[in-house]
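The structure file data28.json is reproduced below (JSON, C-alpha atoms and all ligand atoms).
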[["chain", "number", "residue", "atom", "x", "y", "z"],
["I", 1, "MET", "CA", 7.95, 19.64, -3.48],
["I", 2, "ILE", "CA", 9.21, 16.90, -1.13],
["I", 3, "ALA", "CA", 7.58, 18.67, 1.80],
["I", 4, "VAL", "CA", 4.28, 18.74, -0.08],
["I", 5, "LEU", "CA", 4.59, 15.06, -0.95],
["I", 6, "LYS", "CA", 5.42, 14.15, 2.64],
["I", 7, "ASP", "CA", 2.30, 15.94, 3.65],
["I", 8, "VAL", "CA", 0.22, 14.07, 1.10],
["I", 9, "LEU", "CA", 1.79, 10.77, 2.14],
["I", 10, "ARG", "CA", 1.36, 11.28, 5.83],
["I", 11, "CYS", "CA", -0.55, 8.30, 6.98],
["I", 12, "GLY", "CA", -2.37, 7.00, 9.91],
["I", 13, "SER", "CA", -3.05, 8.05, 13.44],
["I", 14, "ARG", "CA", -0.72, 8.39, 16.36],
["I", 15, "VAL", "CA", -1.62, 4.88, 17.48],
["I", 16, "ALA", "CA", -0.56, 3.47, 14.11],
["I", 17, "ARG", "CA", 2.65, 5.47, 14.31],
["I", 18, "ILE", "CA", 3.43, 4.14, 17.75],
["I", 19, "SER", "CA", 2.84, 0.57, 16.57],
["I", 20, "LEU", "CA", 5.09, 1.26, 13.57],
["I", 21, "ILE", "CA", 7.81, 2.52, 15.86],
["I", 22, "CYS", "CA", 7.43, -0.65, 17.96],
["I", 23, "ALA", "CA", 7.59, -2.84, 14.85],
["I", 24, "VAL", "CA", 10.71, -1.04, 13.64],
["I", 25, "GLY", "CA", 12.21, -1.37, 17.12],
["I", 26, "LEU", "CA", 11.60, -5.13, 17.07],
["I", 27, "ALA", "CA", 13.11, -5.37, 13.60],
["I", 28, "LEU", "CA", 16.21, -3.57, 14.84],
["I", 29, "VAL", "CA", 16.56, -5.97, 17.77],
["I", 30, "SER", "CA", 16.14, -9.05, 15.58],
["I", 31, "ALA", "CA", 18.51, -7.64, 12.95],
["I", 32, "GLY", "CA", 21.09, -7.21, 15.70],
["I", 33, "CYS", "CA", 20.64, -10.87, 16.71],
["I", 34, "ARG", "CA", 21.20, -12.10, 13.19],
["I", 35, "GLY", "CA", 24.37, -10.05, 12.87],
["I", 36, "ALA", "CA", 24.62, -7.17, 10.41],
["I", 37, "GLY", "CA", 28.06, -8.31, 9.22],
["I", 38, "ASP", "CA", 26.92, -11.68, 7.87],
["I", 39, "THR", "CA", 27.27, -11.41, 4.09],
["I", 40, "SER", "CA", 26.44, -15.04, 3.26],
["I", 41, "SER", "CA", 22.70, -14.37, 3.35],
["I", 42, "ARG", "CA", 22.59, -11.21, 1.24],
["I", 43, "PRO", "CA", 19.35, -11.20, -0.76],
["I", 44, "ASP", "CA", 19.29, -11.05, -4.56],
["I", 45, "VAL", "CA", 16.50, -8.49, -4.42],
["I", 46, "VAL", "CA", 15.68, -5.98, -1.71],
["I", 47, "ALA", "CA", 12.13, -4.62, -2.01],
["I", 48, "ALA", "CA", 10.99, -1.48, -0.24],
["I", 49, "PHE", "CA", 7.67, -2.90, 0.91],
["I", 50, "TYR", "CA", 5.18, -5.72, 0.39],
["I", 51, "PRO", "CA", 3.72, -5.05, -3.10],
["I", 52, "LEU", "CA", 7.22, -4.79, -4.60],
["I", 53, "ALA", "CA", 8.39, -7.89, -2.69],
["I", 54, "PHE", "CA", 5.33, -9.70, -4.10],
["I", 55, "LEU", "CA", 6.32, -8.74, -7.67],
["I", 56, "ALA", "CA", 9.92, -9.89, -7.15],
["I", 57, "GLU", "CA", 8.91, -13.17, -5.47],
["I", 58, "GLN", "CA", 6.43, -14.02, -8.22],
["I", 59, "VAL", "CA", 8.96, -13.24, -10.93],
["I", 60, "LEU", "CA", 11.93, -15.01, -9.31],
["I", 61, "GLY", "CA", 10.10, -18.02, -7.84],
["I", 62, "GLU", "CA", 12.68, -20.40, -6.38],
["I", 63, "GLU", "CA", 15.48, -18.82, -8.37],
["I", 64, "GLY", "CA", 16.36, -16.01, -6.01],
["I", 65, "THR", "CA", 15.90, -14.54, -2.56],
["I", 66, "VAL", "CA", 13.84, -11.45, -1.86],
["I", 67, "ARG", "CA", 13.96, -9.35, 1.29],
["I", 68, "ASN", "CA", 11.14, -6.96, 2.18],
["I", 69, "LEU", "CA", 12.56, -3.95, 4.04],
["I", 70, "THR", "CA", 9.24, -3.12, 5.71],
["I", 71, "PRO", "CA", 8.65, -5.56, 8.59],
["I", 72, "ALA", "CA", 5.49, -7.68, 8.25],
["I", 73, "GLY", "CA", 2.55, -5.78, 9.70],
["I", 74, "ALA", "CA", 4.31, -2.39, 9.64],
["I", 75, "GLU", "CA", 3.28, 0.55, 7.52],
["I", 76, "PRO", "CA", 5.91, 1.68, 4.95],
["I", 77, "HIS", "CA", 5.42, 5.45, 4.83],
["I", 78, "ASP", "CA", 8.51, 7.16, 6.23],
["I", 79, "LEU", "CA", 10.14, 3.85, 7.24],
["I", 80, "GLU", "CA", 13.49, 4.19, 9.00],
["I", 81, "LEU", "CA", 16.30, 1.76, 8.10],
["I", 82, "SER", "CA", 18.43, -0.30, 10.48],
["I", 83, "PRO", "CA", 22.19, -0.77, 9.85],
["I", 84, "ARG", "CA", 21.39, -4.25, 8.50],
["I", 85, "ASP", "CA", 18.79, -2.76, 6.13],
["I", 86, "VAL", "CA", 21.35, -0.28, 4.81],
["I", 87, "ALA", "CA", 23.93, -3.07, 4.38],
["I", 88, "ASP", "CA", 21.38, -5.17, 2.45],
["I", 89, "VAL", "CA", 20.42, -2.19, 0.29],
["I", 90, "ARG", "CA", 24.09, -1.63, -0.57],
["I", 91, "ALA", "CA", 24.82, -5.33, -1.28],
["I", 92, "ALA", "CA", 21.64, -6.58, -3.03],
["I", 93, "GLY", "CA", 21.74, -7.39, -6.74],
["I", 94, "THR", "CA", 18.64, -5.27, -7.36],
["I", 95, "VAL", "CA", 16.68, -2.84, -5.19],
["I", 96, "LEU", "CA", 13.02, -2.21, -6.01],
["I", 97, "TYR", "CA", 11.58, 0.98, -4.55],
["I", 98, "LEU", "CA", 9.05, 3.74, -5.07],
["I", 99, "GLY", "CA", 10.67, 7.12, -5.69],
["I", 100, "GLY", "CA", 9.22, 10.57, -5.27],
["I", 101, "GLY", "CA", 9.69, 10.86, -1.52],
["I", 102, "PHE", "CA", 7.61, 7.81, -0.49],
["I", 103, "MET", "CA", 10.53, 6.43, 1.58],
["I", 104, "PRO", "CA", 13.20, 9.12, 1.99],
["I", 105, "ALA", "CA", 15.53, 7.01, 4.19],
["I", 106, "LEU", "CA", 15.69, 4.34, 1.48],
["I", 107, "GLU", "CA", 16.36, 6.89, -1.25],
["I", 108, "ARG", "CA", 19.28, 8.20, 0.85],
["I", 109, "ALA", "CA", 20.66, 4.65, 1.31],
["I", 110, "LEU", "CA", 20.56, 4.14, -2.49],
["I", 111, "GLU", "CA", 23.03, 6.97, -3.08],
["I", 112, "GLY", "CA", 26.39, 5.51, -3.99],
["I", 113, "ARG", "CA", 25.01, 2.02, -4.68],
["I", 114, "ARG", "CA", 26.62, 0.27, -7.63],
["I", 115, "GLY", "CA", 23.98, -2.38, -8.48],
["I", 116, "ALA", "CA", 20.65, -1.80, -10.19],
["I", 117, "SER", "CA", 18.09, 0.35, -8.38],
["I", 118, "VAL", "CA", 14.65, 0.25, -9.95],
["I", 119, "ASP", "CA", 12.17, 3.01, -9.21],
["I", 120, "VAL", "CA", 9.02, 1.15, -10.24],
["I", 121, "LEU", "CA", 7.11, 4.44, -10.41],
["I", 122, "ALA", "CA", 9.40, 5.73, -13.18],
["I", 123, "GLY", "CA", 7.33, 6.00, -16.34],
["I", 124, "VAL", "CA", 4.02, 5.54, -14.46],
["I", 125, "ARG", "CA", 1.62, 8.40, -14.86],
["I", 126, "LEU", "CA", 0.88, 9.58, -11.32],
["I", 127, "ARG", "CA", -2.21, 11.36, -10.08],
["I", 128, "ARG", "CA", -1.78, 15.11, -9.83],
["I", 129, "ASP", "CA", -1.70, 15.02, -6.01],
["I", 130, "GLY", "CA", 1.47, 12.88, -6.08],
["I", 131, "ASP", "CA", -0.42, 9.91, -4.57],
["I", 132, "PRO", "CA", 1.99, 6.92, -4.68],
["I", 133, "HIS", "CA", -0.57, 4.10, -4.09],
["I", 134, "VAL", "CA", -0.40, 2.95, -7.72],
["I", 135, "TRP", "CA", -0.33, -0.76, -6.82],
["I", 136, "LEU", "CA", -4.04, -0.61, -5.89],
["I", 137, "ASP", "CA", -4.88, -0.24, -9.58],
["I", 138, "PRO", "CA", -4.38, -3.83, -10.85],
["I", 139, "ARG", "CA", -3.90, -2.62, -14.42],
["I", 140, "ALA", "CA", -1.07, -0.26, -13.45],
["I", 141, "PHE", "CA", 0.32, -2.99, -11.20],
["I", 142, "ALA", "CA", 0.38, -5.31, -14.24],
["I", 143, "ASP", "CA", 2.61, -2.76, -16.01],
["I", 144, "MET", "CA", 4.87, -2.77, -12.96],
["I", 145, "ALA", "CA", 4.98, -6.61, -13.09],
["I", 146, "ARG", "CA", 6.15, -6.55, -16.71],
["I", 147, "ARG", "CA", 8.77, -3.97, -15.83],
["I", 148, "VAL", "CA", 10.09, -5.97, -12.85],
["I", 149, "GLY", "CA", 10.14, -9.10, -15.04],
["I", 150, "ARG", "CA", 12.36, -7.33, -17.56],
["I", 151, "ASP", "CA", 14.58, -5.78, -14.90],
["I", 152, "LEU", "CA", 15.14, -9.15, -13.19],
["I", 153, "GLY", "CA", 15.91, -10.84, -16.53],
["I", 154, "ARG", "CA", 12.70, -12.94, -16.57],
["I", 155, "PRO", "CA", 10.34, -11.15, -18.96],
["I", 156, "ALA", "CA", 8.15, -14.23, -19.57],
["I", 157, "ARG", "CA", 7.41, -14.61, -15.86],
["I", 158, "GLY", "CA", 6.69, -10.90, -15.59],
["I", 159, "ALA", "CA", 4.24, -11.26, -18.49],
["I", 160, "ASP", "CA", 2.56, -14.28, -16.81],
["I", 161, "LEU", "CA", 2.04, -12.30, -13.64],
["I", 162, "ALA", "CA", 0.74, -9.33, -15.65],
["I", 163, "ARG", "CA", -1.89, -11.63, -17.22],
["I", 164, "ARG", "CA", -3.09, -12.72, -13.75],
["I", 165, "LEU", "CA", -3.31, -9.08, -12.68],
["I", 166, "LEU", "CA", -5.26, -8.14, -15.80],
["I", 167, "ALA", "CA", -7.71, -10.97, -15.00],
["I", 168, "LEU", "CA", -8.10, -9.42, -11.54],
["I", 169, "ASP", "CA", -8.69, -6.03, -13.17],
["I", 170, "ALA", "CA", -11.40, -7.55, -15.36],
["I", 171, "ASP", "CA", -13.11, -9.02, -12.26],
["I", 172, "PHE", "CA", -13.04, -5.61, -10.56],
["I", 173, "ALA", "CA", -14.47, -3.90, -13.64],
["I", 174, "ARG", "CA", -17.25, -6.49, -13.91],
["I", 175, "GLY", "CA", -17.90, -6.62, -10.15],
["I", 176, "LEU", "CA", -18.20, -2.85, -9.79],
["I", 177, "ALA", "CA", -20.07, -2.14, -13.03],
["I", 178, "ALA", "CA", -23.61, -2.01, -11.58],
["I", 179, "CYS", "CA", -23.74, -0.62, -8.04],
["I", 180, "ASP", "CA", -26.23, 1.48, -6.08],
["I", 181, "ARG", "CA", -23.49, 3.77, -4.70],
["I", 182, "HIS", "CA", -20.04, 4.96, -5.77],
["I", 183, "GLU", "CA", -18.80, 6.73, -2.63],
["I", 184, "LEU", "CA", -15.80, 5.20, -0.93],
["I", 185, "VAL", "CA", -15.19, 6.49, 2.62],
["I", 186, "THR", "CA", -11.67, 5.40, 3.65],
["I", 187, "SER", "CA", -9.24, 6.00, 6.52],
["I", 188, "HIS", "CA", -6.22, 7.38, 4.64],
["I", 189, "ALA", "CA", -6.28, 8.45, 1.01],
["I", 190, "ALA", "CA", -4.82, 5.23, -0.42],
["I", 191, "PHE", "CA", -7.53, 4.31, -2.90],
["I", 192, "GLY", "CA", -7.39, 7.18, -5.41],
["I", 193, "TYR", "CA", -6.05, 5.01, -8.25],
["I", 194, "LEU", "CA", -8.52, 2.24, -7.55],
["I", 195, "ALA", "CA", -11.36, 4.79, -7.40],
["I", 196, "ASP", "CA", -10.24, 6.39, -10.69],
["I", 197, "ARG", "CA", -10.00, 3.02, -12.43],
["I", 198, "TYR", "CA", -13.49, 1.82, -11.47],
["I", 199, "GLY", "CA", -15.45, 5.06, -11.38],
["I", 200, "LEU", "CA", -15.65, 5.48, -7.59],
["I", 201, "GLU", "CA", -15.41, 8.63, -5.47],
["I", 202, "GLN", "CA", -12.99, 8.55, -2.52],
["I", 203, "LEU", "CA", -13.55, 10.51, 0.70],
["I", 204, "ALA", "CA", -10.60, 9.95, 3.11],
["I", 205, "LEU", "CA", -11.00, 10.77, 6.81],
["I", 206, "VAL", "CA", -7.28, 11.37, 7.43],
["I", 207, "GLY", "CA", -6.27, 14.38, 5.41],
["I", 208, "ILE", "CA", -9.57, 16.10, 6.12],
["I", 209, "ALA", "CA", -9.25, 15.84, 9.89],
["I", 210, "PRO", "CA", -5.90, 16.31, 11.62],
["I", 211, "GLU", "CA", -4.00, 13.11, 12.37],
["I", 212, "THR", "CA", -4.14, 13.42, 16.12],
["I", 213, "GLU", "CA", -7.27, 13.68, 18.22],
["I", 214, "PRO", "CA", -9.68, 15.75, 16.11],
["I", 215, "SER", "CA", -11.96, 17.91, 18.25],
["I", 216, "ALA", "CA", -15.65, 17.12, 18.71],
["I", 217, "ARG", "CA", -16.41, 19.90, 16.21],
["I", 218, "GLU", "CA", -14.06, 18.43, 13.60],
["I", 219, "VAL", "CA", -15.57, 14.97, 14.07],
["I", 220, "ALA", "CA", -19.06, 16.44, 13.70],
["I", 221, "ALA", "CA", -17.97, 18.08, 10.42],
["I", 222, "LEU", "CA", -16.63, 14.73, 9.19],
["I", 223, "VAL", "CA", -19.88, 13.00, 10.13],
["I", 224, "ARG", "CA", -21.79, 15.59, 8.09],
["I", 225, "ARG", "CA", -19.48, 15.04, 5.08],
["I", 226, "VAL", "CA", -19.88, 11.27, 5.34],
["I", 227, "ARG", "CA", -23.68, 11.50, 5.69],
["I", 228, "ALA", "CA", -23.84, 13.74, 2.62],
["I", 229, "THR", "CA", -22.22, 11.01, 0.51],
["I", 230, "GLY", "CA", -24.99, 8.53, 1.35],
["I", 231, "ALA", "CA", -22.31, 5.93, 2.11],
["I", 232, "THR", "CA", -23.36, 2.92, 4.20],
["I", 233, "THR", "CA", -19.83, 1.95, 5.24],
["I", 234, "VAL", "CA", -16.66, 3.57, 6.59],
["I", 235, "PHE", "CA", -13.67, 1.48, 5.56],
["I", 236, "THR", "CA", -10.90, 0.78, 8.08],
["I", 237, "GLU", "CA", -7.43, -0.65, 7.37],
["I", 238, "PRO", "CA", -5.44, -3.36, 9.14],
["I", 239, "LEU", "CA", -2.41, -1.09, 9.82],
["I", 240, "VAL", "CA", -4.21, 2.11, 10.81],
["I", 241, "SER", "CA", -6.04, 2.60, 14.11],
["I", 242, "PRO", "CA", -9.80, 2.31, 13.50],
["I", 243, "ARG", "CA", -10.66, 4.80, 16.26],
["I", 244, "LEU", "CA", -11.57, 7.77, 14.11],
["I", 245, "ALA", "CA", -13.37, 5.58, 11.55],
["I", 246, "ASP", "CA", -15.30, 3.84, 14.33],
["I", 247, "THR", "CA", -16.34, 7.15, 15.87],
["I", 248, "VAL", "CA", -17.44, 8.65, 12.57],
["I", 249, "ALA", "CA", -19.33, 5.51, 11.56],
["I", 250, "ARG", "CA", -21.11, 5.27, 14.93],
["I", 251, "GLU", "CA", -22.15, 8.92, 14.86],
["I", 252, "ALA", "CA", -23.24, 8.72, 11.22],
["I", 253, "GLY", "CA", -25.23, 5.57, 12.04],
["I", 254, "ILE", "CA", -23.44, 3.41, 9.45],
["I", 255, "ARG", "CA", -21.13, 0.39, 9.68],
["I", 256, "THR", "CA", -17.42, -0.23, 9.25],
["I", 257, "ALA", "CA", -15.68, -2.86, 7.11],
["I", 258, "THR", "CA", -12.07, -3.55, 6.16],
["I", 259, "LEU", "CA", -10.49, -2.39, 2.91],
["I", 260, "ASP", "CA", -6.80, -3.28, 2.78],
["I", 261, "PRO", "CA", -4.39, -0.90, 0.99],
["I", 262, "ILE", "CA", -1.84, -3.78, 0.99],
["I", 263, "GLU", "CA", 1.02, -1.66, 2.29],
["I", 264, "GLY", "CA", 2.09, -4.64, 4.37],
["I", 265, "LEU", "CA", 0.59, -8.02, 5.34],
["I", 266, "SER", "CA", 0.93, -9.39, 8.87],
["I", 267, "GLN", "CA", 3.01, -12.50, 9.52],
["I", 268, "GLU", "CA", -0.16, -14.48, 10.30],
["I", 269, "ARG", "CA", -1.82, -13.58, 7.01],
["I", 270, "LEU", "CA", 1.33, -14.33, 5.01],
["I", 271, "ALA", "CA", 1.63, -17.68, 6.81],
["I", 272, "ALA", "CA", -2.02, -18.41, 5.95],
["I", 273, "GLY", "CA", -1.15, -17.95, 2.25],
["I", 274, "ALA", "CA", -2.57, -14.46, 1.71],
["I", 275, "ASP", "CA", -1.00, -12.47, -1.10],
["I", 276, "TYR", "CA", -1.71, -9.39, -3.19],
["I", 277, "VAL", "CA", -4.24, -11.17, -5.41],
["I", 278, "SER", "CA", -6.18, -12.87, -2.60],
["I", 279, "VAL", "CA", -6.36, -9.65, -0.55],
["I", 280, "MET", "CA", -7.53, -7.70, -3.60],
["I", 281, "ARG", "CA", -10.29, -10.28, -4.10],
["I", 282, "GLN", "CA", -11.37, -9.74, -0.48],
["I", 283, "ASN", "CA", -11.30, -5.99, -1.16],
["I", 284, "LEU", "CA", -13.57, -6.49, -4.17],
["I", 285, "ALA", "CA", -16.04, -8.51, -2.07],
["I", 286, "SER", "CA", -16.07, -5.78, 0.64],
["I", 287, "LEU", "CA", -16.61, -3.07, -1.97],
["I", 288, "ARG", "CA", -19.46, -4.96, -3.65],
["I", 289, "THR", "CA", -21.26, -5.34, -0.30],
["I", 290, "ALA", "CA", -20.73, -1.71, 0.75],
["I", 291, "LEU", "CA", -21.68, -0.23, -2.61],
["I", 292, "GLY", "CA", -24.68, -2.49, -3.25],
["I", 293, "CYS", "CA", -23.34, -4.02, -6.47],
["I", 294, "ARG", "CA", -25.30, -6.60, -8.45],
["J", 1, "ZN", "ZN", -0.51, 4.79, 2.27]]
Take the structure in this file and express it as structure tokens.
Amino acid sequence: MIAVLKDVLRCGSRVARISLICAVGLALVSAGCRGAGDTSSRPDVVAAFYPLAFLAEQVLGEEGTVRNLTPAGAEPHDLELSPRDVADVRAAGTVLYLGGGFMPALERALEGRRGASVDVLAGVRLRRDGDPHVWLDPRAFADMARRVGRDLGRPARGADLARRLLALDADFARGLAACDRHELVTSHAAFGYLADRYGLEQLALVGIAPETEPSAREVAALVRRVRATGATTVFTEPLVSPRLADTVAREAGIRTATLDPIEGLSQERLAAGADYVSVMRQNLASLRTALGCR
């Protein structure tokens, strides 16, 4: 089962993997500089990756510290943990994570922990393929916000955040209600929940073609699949190499645009004030253009 899930969750191209390894390497170096033995700065909440850190930060506000285990700009699938990460996971008041094999190293580090560990996927109805990208459905993410609010002892703040996410959901539903097309050509298969929620059809390039260097024949087959959908856009992602998407789009004679699965935001975007809600609004605008929505 885990092997199947790992296969489903396998993300990105070799280039993205190399950049992830570099990002993790940098994180290890900087963790070493800060000193893994320093207990004075232990976070109240350790979150597995950006969307969960966003929930915790919104719920806690100034009243607690949140550490995101996935370095800014890195991709969380199969993240490895540094000694400092493991120490923080052991010492944090609460750990928020996604179970089901999304981050096996983190699940291993949780064994033997005494504090609360919250699998925010527990109780969420998953797609049959085991797809973990639930946070891209704002309505399901609102449920997760309420849950994190309760688990962190601040149910009212969780409910406030859930209301904002439901407003976002309403904007998506309205914005995607009348469109010329419904086909969503993406890099990796991250948008299944979003597609289900708003009546779209996802075709993911990775998962159909092998991760590394598809042959000319495999690319030609992808181009035929993409042409058959009538799509005008191949969506790329900030953390995945656009090479395959660029090639397919060029050969199919259509354009590319960015659709962000919000697995991690770069330091620059965080510094510029981007967050889950603002990036989702950009996603909605990109979708409305690509799908010809009125
Ligand atoms: Zn993913």
Between I:Arg42, I:Ala156, I:Leu110, I:Trp135, single out the one closest to Ile262 in chain I, counting all atoms listed in the file.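 So, comparing all the options, the nearest one is I:Trp135.
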Find, counting all atoms listed in the file, the residue in I:Val46, I:Ala72, I:Leu79, I:Val118 that gets nearest to ligand ZN 1 (chain J).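 Of I:Val46, I:Ala72, I:Leu79, I:Val118, the one nearest ligand ZN 1 (chain J) is I:Leu79, counting all atoms listed in the file.
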Residue neighbourhood Leu184 in chain I, 8 Å, only C-alpha atoms, exclusion window fewer than 5 positions, as a ChimeraX atom specification: /I:195,200-203,231,234-235
Fewer than 4 positions away in the same chain doesn't count, so skip those; otherwise give me all residues within 8 Å of Leu165 in chain I, counting all atoms listed in the file, as a list in words. Pro138, Arg139, Phe141, Ala142, Leu161, Asp169 and Val277 of chain I
Thr247 in chain I surroundings by all atoms listed in the file, 9 Å radius, close-in-sequence under 4 positions cut, as a PyMOL selection string: chain I and resi 219+223+242-243+251-252
If you count only C-alpha atoms, which residues fall within 7 Å of range 91-98 of chain I, apart from same-chain ones fewer than 6 positions away, as a short mmCIF file (atom, residue, chain, number, x, y, z; two decimals) with C-alpha atoms, keeping the file's coordinate frame?
data_model
loop_
_atom_site.label_atom_id
_atom_site.label_comp_id
_atom_site.auth_asym_id
_atom_site.auth_seq_id
_atom_site.Cartn_x
_atom_site.Cartn_y
_atom_site.Cartn_z
CA ARG I 42 22.59 -11.21 1.24
CA PRO I 43 19.35 -11.20 -0.76
CA ASP I 44 19.29 -11.05 -4.56
CA VAL I 45 16.50 -8.49 -4.42
CA VAL I 46 15.68 -5.98 -1.71
CA ALA I 47 12.13 -4.62 -2.01
CA ALA I 48 10.99 -1.48 -0.24
CA LEU I 52 7.22 -4.79 -4.60
CA GLY I 115 23.98 -2.38 -8.48
CA ALA I 116 20.65 -1.80 -10.19
CA SER I 117 18.09 0.35 -8.38
CA VAL I 118 14.65 0.25 -9.95
CA ASP I 119 12.17 3.01 -9.21
CA VAL I 120 9.02 1.15 -10.24
CA LEU I 121 7.11 4.44 -10.41
#
When distances are computed from all atoms listed in the file, which of I:Gly273, I:Gly130, I:Pro238, I:Gly230 shows the smallest separation from Leu259 in chain I? I:Pro238
Just how far from CA of His133 in chain I is CA of His77 in chain I, in Å to one decimal? 10.8 Å
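Using only C-alpha atoms and all ligand atoms, the shortest contact distance between ligand ZN 1 (chain J) and any of I:Gly123, I:Pro132, I:Gly158, I:Pro214 is found at I:Pro132.
Here the question is which of I:Pro104, I:Pro76, I:Gly153, I:Gly253 gets nearest to ligand ZN 1 (chain J) using only C-alpha atoms and all ligand atoms, and that residue is I:Pro76.
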